[in-house]
file query_16.txt (compact mmCIF, N, CA and C atoms)
# COMPACT_ATOMS: atom_id res chain seq x y z
N MET H 439 19.62 0.62 -11.94
CA MET H 439 21.05 0.64 -12.18
C MET H 439 21.66 -0.74 -12.06
N GLY H 440 21.12 -1.53 -11.20
CA GLY H 440 21.71 -2.84 -10.97
C GLY H 440 22.99 -2.73 -10.16
N ARG H 441 23.60 -3.86 -9.89
CA ARG H 441 24.82 -3.87 -9.07
C ARG H 441 25.96 -3.14 -9.75
N GLU H 442 26.14 -3.36 -11.04
CA GLU H 442 27.24 -2.71 -11.77
C GLU H 442 27.06 -1.19 -11.76
N GLY H 443 25.85 -0.73 -11.99
CA GLY H 443 25.60 0.71 -11.96
C GLY H 443 25.84 1.30 -10.59
N ALA H 444 25.45 0.57 -9.55
CA ALA H 444 25.68 1.03 -8.18
C ALA H 444 27.18 1.13 -7.89
N LEU H 445 27.94 0.13 -8.34
CA LEU H 445 29.39 0.17 -8.14
C LEU H 445 30.01 1.36 -8.87
N ARG H 446 29.54 1.62 -10.07
CA ARG H 446 30.08 2.76 -10.82
C ARG H 446 29.78 4.08 -10.11
N CYS H 447 28.58 4.19 -9.56
CA CYS H 447 28.24 5.41 -8.82
C CYS H 447 29.13 5.56 -7.59
N LEU H 448 29.33 4.48 -6.84
CA LEU H 448 30.19 4.54 -5.67
C LEU H 448 31.62 4.88 -6.06
N ALA H 449 32.11 4.28 -7.15
CA ALA H 449 33.47 4.55 -7.61
C ALA H 449 33.62 5.98 -8.12
N SER H 450 32.51 6.60 -8.50
CA SER H 450 32.54 7.97 -9.01
C SER H 450 32.35 9.02 -7.93
N GLY H 451 32.21 8.58 -6.69
CA GLY H 451 32.11 9.53 -5.59
C GLY H 451 30.84 9.47 -4.76
N ALA H 452 29.83 8.75 -5.21
CA ALA H 452 28.63 8.62 -4.38
C ALA H 452 29.02 7.95 -3.06
N ASN H 453 28.34 8.32 -2.00
CA ASN H 453 28.70 7.74 -0.71
C ASN H 453 27.49 7.19 0.03
N ASP H 454 26.41 6.92 -0.71
CA ASP H 454 25.19 6.51 -0.04
C ASP H 454 24.34 5.64 -0.95
N PHE H 455 23.83 4.56 -0.41
CA PHE H 455 22.83 3.76 -1.10
C PHE H 455 21.46 4.18 -0.59
N GLY H 456 21.35 5.38 -0.08
CA GLY H 456 20.12 5.88 0.50
C GLY H 456 18.97 5.81 -0.47
N GLY H 457 17.79 5.66 0.06
CA GLY H 457 16.62 5.57 -0.79
C GLY H 457 16.46 4.20 -1.41
N THR H 458 17.14 3.20 -0.87
CA THR H 458 17.00 1.85 -1.39
C THR H 458 15.55 1.41 -1.28
N LEU H 459 15.00 0.95 -2.37
CA LEU H 459 13.59 0.57 -2.41
C LEU H 459 13.42 -0.92 -2.18
N MET H 460 12.37 -1.27 -1.51
CA MET H 460 12.04 -2.68 -1.32
C MET H 460 10.95 -3.04 -2.31
N ASN H 461 11.14 -4.09 -3.04
CA ASN H 461 10.17 -4.57 -4.02
C ASN H 461 9.78 -3.48 -5.02
N GLU H 462 10.76 -2.80 -5.52
CA GLU H 462 10.54 -1.79 -6.54
C GLU H 462 9.98 -2.47 -7.78
N SER H 463 8.94 -1.92 -8.36
CA SER H 463 8.32 -2.60 -9.49
C SER H 463 8.22 -1.75 -10.75
N ILE H 464 8.45 -0.45 -10.66
CA ILE H 464 8.28 0.41 -11.83
C ILE H 464 9.32 0.09 -12.90
N SER H 465 10.60 0.03 -12.51
CA SER H 465 11.62 -0.26 -13.51
C SER H 465 11.47 -1.68 -14.04
N ARG H 466 11.05 -2.62 -13.19
CA ARG H 466 10.83 -4.00 -13.65
C ARG H 466 9.70 -4.03 -14.67
N ALA H 467 8.64 -3.28 -14.43
CA ALA H 467 7.51 -3.24 -15.36
C ALA H 467 7.95 -2.64 -16.70
N ALA H 468 8.99 -1.79 -16.67
CA ALA H 468 9.49 -1.18 -17.90
C ALA H 468 10.46 -2.10 -18.63
N GLY H 469 10.78 -3.26 -18.04
CA GLY H 469 11.59 -4.24 -18.74
C GLY H 469 13.01 -4.43 -18.25
N THR H 470 13.41 -3.76 -17.15
CA THR H 470 14.77 -3.98 -16.65
C THR H 470 14.89 -5.35 -16.01
N GLN H 471 16.11 -5.81 -15.85
CA GLN H 471 16.35 -7.11 -15.23
C GLN H 471 16.78 -6.96 -13.78
N HIS H 472 16.83 -5.74 -13.27
CA HIS H 472 17.21 -5.51 -11.88
C HIS H 472 16.17 -4.58 -11.27
N GLY H 473 16.41 -4.16 -10.07
CA GLY H 473 15.46 -3.28 -9.41
C GLY H 473 14.75 -3.95 -8.26
N GLN H 474 15.21 -5.13 -7.89
CA GLN H 474 14.60 -5.82 -6.77
C GLN H 474 15.50 -5.75 -5.55
N GLU H 475 15.07 -6.37 -4.51
CA GLU H 475 15.75 -6.32 -3.22
C GLU H 475 17.21 -6.76 -3.30
N LEU H 476 18.05 -6.03 -2.61
CA LEU H 476 19.44 -6.41 -2.40
C LEU H 476 19.60 -6.52 -0.88
N PRO H 477 19.66 -7.75 -0.36
CA PRO H 477 19.73 -7.94 1.10
C PRO H 477 20.93 -7.21 1.71
N PRO H 478 20.85 -6.85 2.99
CA PRO H 478 21.94 -6.10 3.64
C PRO H 478 23.32 -6.76 3.49
N ALA H 479 23.42 -8.06 3.65
CA ALA H 479 24.73 -8.71 3.53
C ALA H 479 25.29 -8.59 2.12
N ALA H 480 24.42 -8.69 1.11
CA ALA H 480 24.87 -8.54 -0.28
C ALA H 480 25.27 -7.10 -0.56
N MET H 481 24.53 -6.16 0.04
CA MET H 481 24.86 -4.74 -0.12
C MET H 481 26.22 -4.46 0.52
N ASP H 482 26.45 -5.01 1.71
CA ASP H 482 27.74 -4.84 2.38
C ASP H 482 28.87 -5.40 1.52
N ALA H 483 28.67 -6.58 0.97
CA ALA H 483 29.71 -7.21 0.14
C ALA H 483 30.00 -6.37 -1.09
N LEU H 484 28.96 -5.83 -1.70
CA LEU H 484 29.13 -4.99 -2.88
C LEU H 484 29.96 -3.75 -2.54
N ILE H 485 29.63 -3.10 -1.44
CA ILE H 485 30.35 -1.91 -1.01
C ILE H 485 31.80 -2.24 -0.67
N ALA H 486 31.99 -3.33 0.08
CA ALA H 486 33.34 -3.73 0.49
C ALA H 486 34.20 -4.16 -0.71
N SER H 487 33.56 -4.60 -1.79
CA SER H 487 34.32 -5.07 -2.96
C SER H 487 35.12 -3.94 -3.61
N ILE H 488 34.79 -2.69 -3.31
CA ILE H 488 35.57 -1.57 -3.84
C ILE H 488 36.27 -0.83 -2.69
N ASN H 489 36.54 -1.58 -1.63
CA ASN H 489 37.30 -1.08 -0.48
C ASN H 489 36.63 0.10 0.23
N ARG H 490 35.31 0.07 0.27
CA ARG H 490 34.55 1.05 1.06
C ARG H 490 34.06 0.33 2.31
N VAL H 491 33.73 1.08 3.33
CA VAL H 491 33.23 0.51 4.59
C VAL H 491 31.73 0.75 4.66
N PRO H 492 30.94 -0.33 4.60
CA PRO H 492 29.48 -0.16 4.69
C PRO H 492 29.07 0.33 6.08
N GLN H 493 28.09 1.20 6.12
CA GLN H 493 27.59 1.73 7.38
C GLN H 493 26.09 1.93 7.27
N GLN H 494 25.34 1.25 8.12
CA GLN H 494 23.89 1.47 8.13
C GLN H 494 23.58 2.80 8.79
N ARG H 495 22.43 3.36 8.43
CA ARG H 495 21.96 4.58 9.05
C ARG H 495 20.45 4.51 9.19
N THR H 496 19.91 5.36 10.01
CA THR H 496 18.46 5.45 10.14
C THR H 496 17.95 6.41 9.07
N THR H 497 16.64 6.52 8.96
CA THR H 497 16.07 7.43 7.97
C THR H 497 16.41 8.89 8.27
N LEU H 498 16.82 9.17 9.50
CA LEU H 498 17.22 10.53 9.87
C LEU H 498 18.74 10.65 9.92
N TYR H 499 19.46 9.72 9.27
CA TYR H 499 20.92 9.72 9.17
C TYR H 499 21.61 9.52 10.50
N GLY H 500 20.92 8.89 11.43
CA GLY H 500 21.54 8.55 12.70
C GLY H 500 22.12 7.15 12.64
N THR H 501 22.68 6.72 13.73
CA THR H 501 23.23 5.36 13.83
C THR H 501 22.18 4.45 14.43
N PRO H 502 21.81 3.39 13.71
CA PRO H 502 20.80 2.48 14.27
C PRO H 502 21.35 1.71 15.46
N SER H 503 20.43 1.29 16.33
CA SER H 503 20.85 0.51 17.49
C SER H 503 21.39 -0.84 17.03
N ALA H 504 22.15 -1.47 17.90
CA ALA H 504 22.70 -2.80 17.59
C ALA H 504 21.57 -3.79 17.30
N ASP H 505 20.48 -3.70 18.07
CA ASP H 505 19.33 -4.60 17.84
C ASP H 505 18.73 -4.37 16.46
N GLN H 506 18.61 -3.12 16.07
CA GLN H 506 18.04 -2.79 14.76
C GLN H 506 18.94 -3.30 13.64
N ARG H 507 20.26 -3.15 13.79
CA ARG H 507 21.19 -3.65 12.77
C ARG H 507 21.10 -5.17 12.66
N ARG H 508 21.10 -5.85 13.81
CA ARG H 508 21.00 -7.32 13.79
C ARG H 508 19.70 -7.77 13.14
N ALA H 509 18.61 -7.10 13.45
CA ALA H 509 17.31 -7.47 12.88
C ALA H 509 17.30 -7.33 11.36
N SER H 510 18.01 -6.36 10.83
CA SER H 510 18.01 -6.17 9.38
C SER H 510 18.68 -7.35 8.67
N TYR H 511 19.62 -7.99 9.32
CA TYR H 511 20.30 -9.14 8.72
C TYR H 511 19.53 -10.45 8.93
N ARG H 512 18.64 -10.47 9.91
CA ARG H 512 17.91 -11.71 10.21
C ARG H 512 16.56 -11.80 9.52
N ARG H 513 16.06 -10.74 8.99
CA ARG H 513 14.71 -10.77 8.44
C ARG H 513 14.64 -11.62 7.18
N ARG H 514 13.43 -12.06 6.91
CA ARG H 514 13.21 -12.87 5.71
C ARG H 514 13.25 -11.99 4.47
N PRO H 515 13.63 -12.55 3.32
CA PRO H 515 13.62 -11.77 2.08
C PRO H 515 12.20 -11.30 1.75
N ALA H 516 12.10 -10.20 1.05
CA ALA H 516 10.81 -9.70 0.61
C ALA H 516 10.19 -10.68 -0.38
N CYS H 517 8.90 -10.69 -0.46
CA CYS H 517 8.21 -11.55 -1.42
C CYS H 517 8.50 -11.08 -2.83
N ALA H 518 8.60 -12.02 -3.72
CA ALA H 518 8.85 -11.69 -5.13
C ALA H 518 7.65 -10.92 -5.70
N VAL H 519 7.94 -9.96 -6.53
CA VAL H 519 6.89 -9.20 -7.21
C VAL H 519 6.59 -9.91 -8.52
N VAL H 520 5.35 -10.17 -8.77
CA VAL H 520 4.94 -10.82 -10.01
C VAL H 520 4.54 -9.74 -11.00
N GLN H 521 5.24 -9.68 -12.10
CA GLN H 521 4.94 -8.70 -13.14
C GLN H 521 4.04 -9.35 -14.18
N THR H 522 2.79 -9.01 -14.17
CA THR H 522 1.84 -9.56 -15.12
C THR H 522 1.90 -8.74 -16.40
N PRO H 523 2.22 -9.37 -17.53
CA PRO H 523 2.30 -8.61 -18.77
C PRO H 523 0.95 -7.97 -19.13
N LEU H 524 1.00 -6.76 -19.65
CA LEU H 524 -0.19 -6.07 -20.07
C LEU H 524 -0.66 -6.67 -21.38
N ARG H 525 -1.91 -7.08 -21.42
CA ARG H 525 -2.46 -7.64 -22.65
C ARG H 525 -2.85 -6.49 -23.56
N ARG H 526 -2.41 -6.55 -24.79
CA ARG H 526 -2.68 -5.46 -25.74
C ARG H 526 -4.17 -5.22 -25.91
N ALA H 527 -4.95 -6.26 -26.05
CA ALA H 527 -6.38 -6.09 -26.25
C ALA H 527 -7.01 -5.36 -25.07
N GLY H 528 -6.56 -5.71 -23.85
CA GLY H 528 -7.09 -5.04 -22.67
C GLY H 528 -6.71 -3.58 -22.63
N ARG H 529 -5.49 -3.27 -23.04
CA ARG H 529 -5.03 -1.89 -23.05
C ARG H 529 -5.81 -1.08 -24.08
N ASP H 530 -5.99 -1.65 -25.27
CA ASP H 530 -6.73 -0.94 -26.31
C ASP H 530 -8.18 -0.72 -25.90
N ALA H 531 -8.76 -1.72 -25.27
CA ALA H 531 -10.15 -1.60 -24.82
C ALA H 531 -10.26 -0.54 -23.74
N ALA H 532 -9.31 -0.51 -22.81
CA ALA H 532 -9.33 0.49 -21.75
C ALA H 532 -9.14 1.88 -22.33
N ARG H 533 -8.22 2.02 -23.29
CA ARG H 533 -7.98 3.32 -23.90
C ARG H 533 -9.22 3.81 -24.63
N ALA H 534 -9.91 2.90 -25.29
CA ALA H 534 -11.11 3.27 -26.06
C ALA H 534 -12.18 3.85 -25.15
N SER H 535 -12.16 3.47 -23.88
CA SER H 535 -13.20 3.97 -22.97
C SER H 535 -12.97 5.43 -22.56
N TRP H 536 -11.75 5.95 -22.73
CA TRP H 536 -11.52 7.33 -22.33
C TRP H 536 -10.94 8.22 -23.42
N VAL H 537 -10.63 7.65 -24.57
CA VAL H 537 -10.13 8.44 -25.69
C VAL H 537 -11.22 8.53 -26.75
N LYS H 538 -11.57 9.74 -27.12
CA LYS H 538 -12.58 9.93 -28.16
C LYS H 538 -11.89 10.02 -29.51
N SER H 539 -12.46 9.36 -30.49
CA SER H 539 -11.88 9.39 -31.84
C SER H 539 -12.26 10.65 -32.56

call {"tool": "encode", "arguments": {"input": "query_16.txt", "output": "structure tokens"}}
result
Amino acid sequence: MGREGALRCLASGANDFGGTLMNESISRAAGTQHGQELPPAAMDALIASINRVPQQRTTLYGTPSADQRRASYRRRPACAVVQTPLRRAGRDAARASWVKS
């Protein structure tokens, strides 16, 4: 969805960025230009930009400890995912090994 799509969802009534993926690669492999990490401070700014109040939660929808919240803002960014383009010859050769003519 990217940032714009996320904002539209929030503006339409969504109230959760739950299920945020780290280093998501499926949509990137399909050719999208988004789908990578959005650090907590950037996520907060995005939410606040439409006058919503960001609130972290645990995976069980509880309130994280102050130490856990602070740690989420101090951690290093995730490593970049390298998307290696699929070589057509390799794909055709692989397909030939399991598809009978």

call {"tool": "closest_residue", "arguments": {"input": "query_16.txt", "among": "H:Pro477, H:Ile464, H:Thr470, H:Val491", "to": "Leu448 (chain H)", "atoms": "only C-alpha atoms"}}
result
H:Val491

call {"tool": "atom_distance", "arguments": {"input": "query_16.txt", "atom1": "CA of Leu445 (chain H)", "atom2": "CA of Ser503 (chain H)"}}
result
27.0 Å

call {"tool": "residues_around", "arguments": {"input": "query_16.txt", "residues": "region 504-514 of chain H", "least_positions_apart": "2", "cutoff": "10 Å", "atoms": "only C-alpha atoms", "output": "ChimeraX atom specification"}}
result
/H:477-479,493-496,501-502,516-517

call {"tool": "atom_distance", "arguments": {"input": "query_16.txt", "atom1": "CA of Ala480 (chain H)", "atom2": "CA of Tyr499 (chain H)"}}
result
20.9 Å

call {"tool": "atom_distance", "arguments": {"input": "query_16.txt", "atom1": "CA of Gly440 (chain H)", "atom2": "CA of Gly469 (chain H)"}}
result
12.8 Å

call {"tool": "build_atoms", "arguments": {"input": "query_16.txt", "residues": "region 492-507 of chain H", "atoms": "N, CA, C and O atoms", "output": "CSV table (one decimal), keeping the file's coordinate frame"}}
result
chain,number,residue,atom,x,y,z
H,492,PRO,N,30.9,-0.3,4.6
H,492,PRO,CA,29.5,-0.2,4.7
H,492,PRO,C,29.1,0.3,6.1
H,492,PRO,O,29.7,-0.1,7.1
H,493,GLN,N,28.1,1.2,6.1
H,493,GLN,CA,27.6,1.7,7.4
H,493,GLN,C,26.1,1.9,7.3
H,493,GLN,O,25.6,2.7,6.4
H,494,GLN,N,25.3,1.2,8.1
H,494,GLN,CA,23.9,1.5,8.1
H,494,GLN,C,23.6,2.8,8.8
H,494,GLN,O,24.3,3.3,9.6
H,495,ARG,N,22.4,3.4,8.4
H,495,ARG,CA,22.0,4.6,9.0
H,495,ARG,C,20.4,4.5,9.2
H,495,ARG,O,19.8,3.7,8.5
H,496,THR,N,19.9,5.4,10.0
H,496,THR,CA,18.5,5.4,10.1
H,496,THR,C,18.0,6.4,9.1
H,496,THR,O,18.7,7.1,8.4
H,497,THR,N,16.6,6.5,9.0
H,497,THR,CA,16.1,7.4,8.0
H,497,THR,C,16.4,8.9,8.3
H,497,THR,O,16.3,9.7,7.4
H,498,LEU,N,16.8,9.2,9.5
H,498,LEU,CA,17.2,10.5,9.9
H,498,LEU,C,18.7,10.6,9.9
H,498,LEU,O,19.3,11.6,10.5
H,499,TYR,N,19.5,9.7,9.3
H,499,TYR,CA,20.9,9.7,9.2
H,499,TYR,C,21.6,9.5,10.5
H,499,TYR,O,22.8,9.9,10.7
H,500,GLY,N,20.9,8.9,11.4
H,500,GLY,CA,21.5,8.6,12.7
H,500,GLY,C,22.1,7.2,12.6
H,500,GLY,O,22.1,6.5,11.6
H,501,THR,N,22.7,6.7,13.7
H,501,THR,CA,23.2,5.4,13.8
H,501,THR,C,22.2,4.4,14.4
H,501,THR,O,21.7,4.7,15.5
H,502,PRO,N,21.8,3.4,13.7
H,502,PRO,CA,20.8,2.5,14.3
H,502,PRO,C,21.4,1.7,15.5
H,502,PRO,O,22.6,1.5,15.6
H,503,SER,N,20.4,1.3,16.3
H,503,SER,CA,20.8,0.5,17.5
H,503,SER,C,21.4,-0.8,17.0
H,503,SER,O,21.1,-1.3,15.9
H,504,ALA,N,22.2,-1.5,17.9
H,504,ALA,CA,22.7,-2.8,17.6
H,504,ALA,C,21.6,-3.8,17.3
H,504,ALA,O,21.7,-4.6,16.4
H,505,ASP,N,20.5,-3.7,18.1
H,505,ASP,CA,19.3,-4.6,17.8
H,505,ASP,C,18.7,-4.4,16.5
H,505,ASP,O,18.4,-5.3,15.8
H,506,GLN,N,18.6,-3.1,16.1
H,506,GLN,CA,18.0,-2.8,14.8
H,506,GLN,C,18.9,-3.3,13.6
H,506,GLN,O,18.5,-3.8,12.6
H,507,ARG,N,20.3,-3.2,13.8
H,507,ARG,CA,21.2,-3.6,12.8
H,507,ARG,C,21.1,-5.2,12.7
H,507,ARG,O,21.0,-5.7,11.6
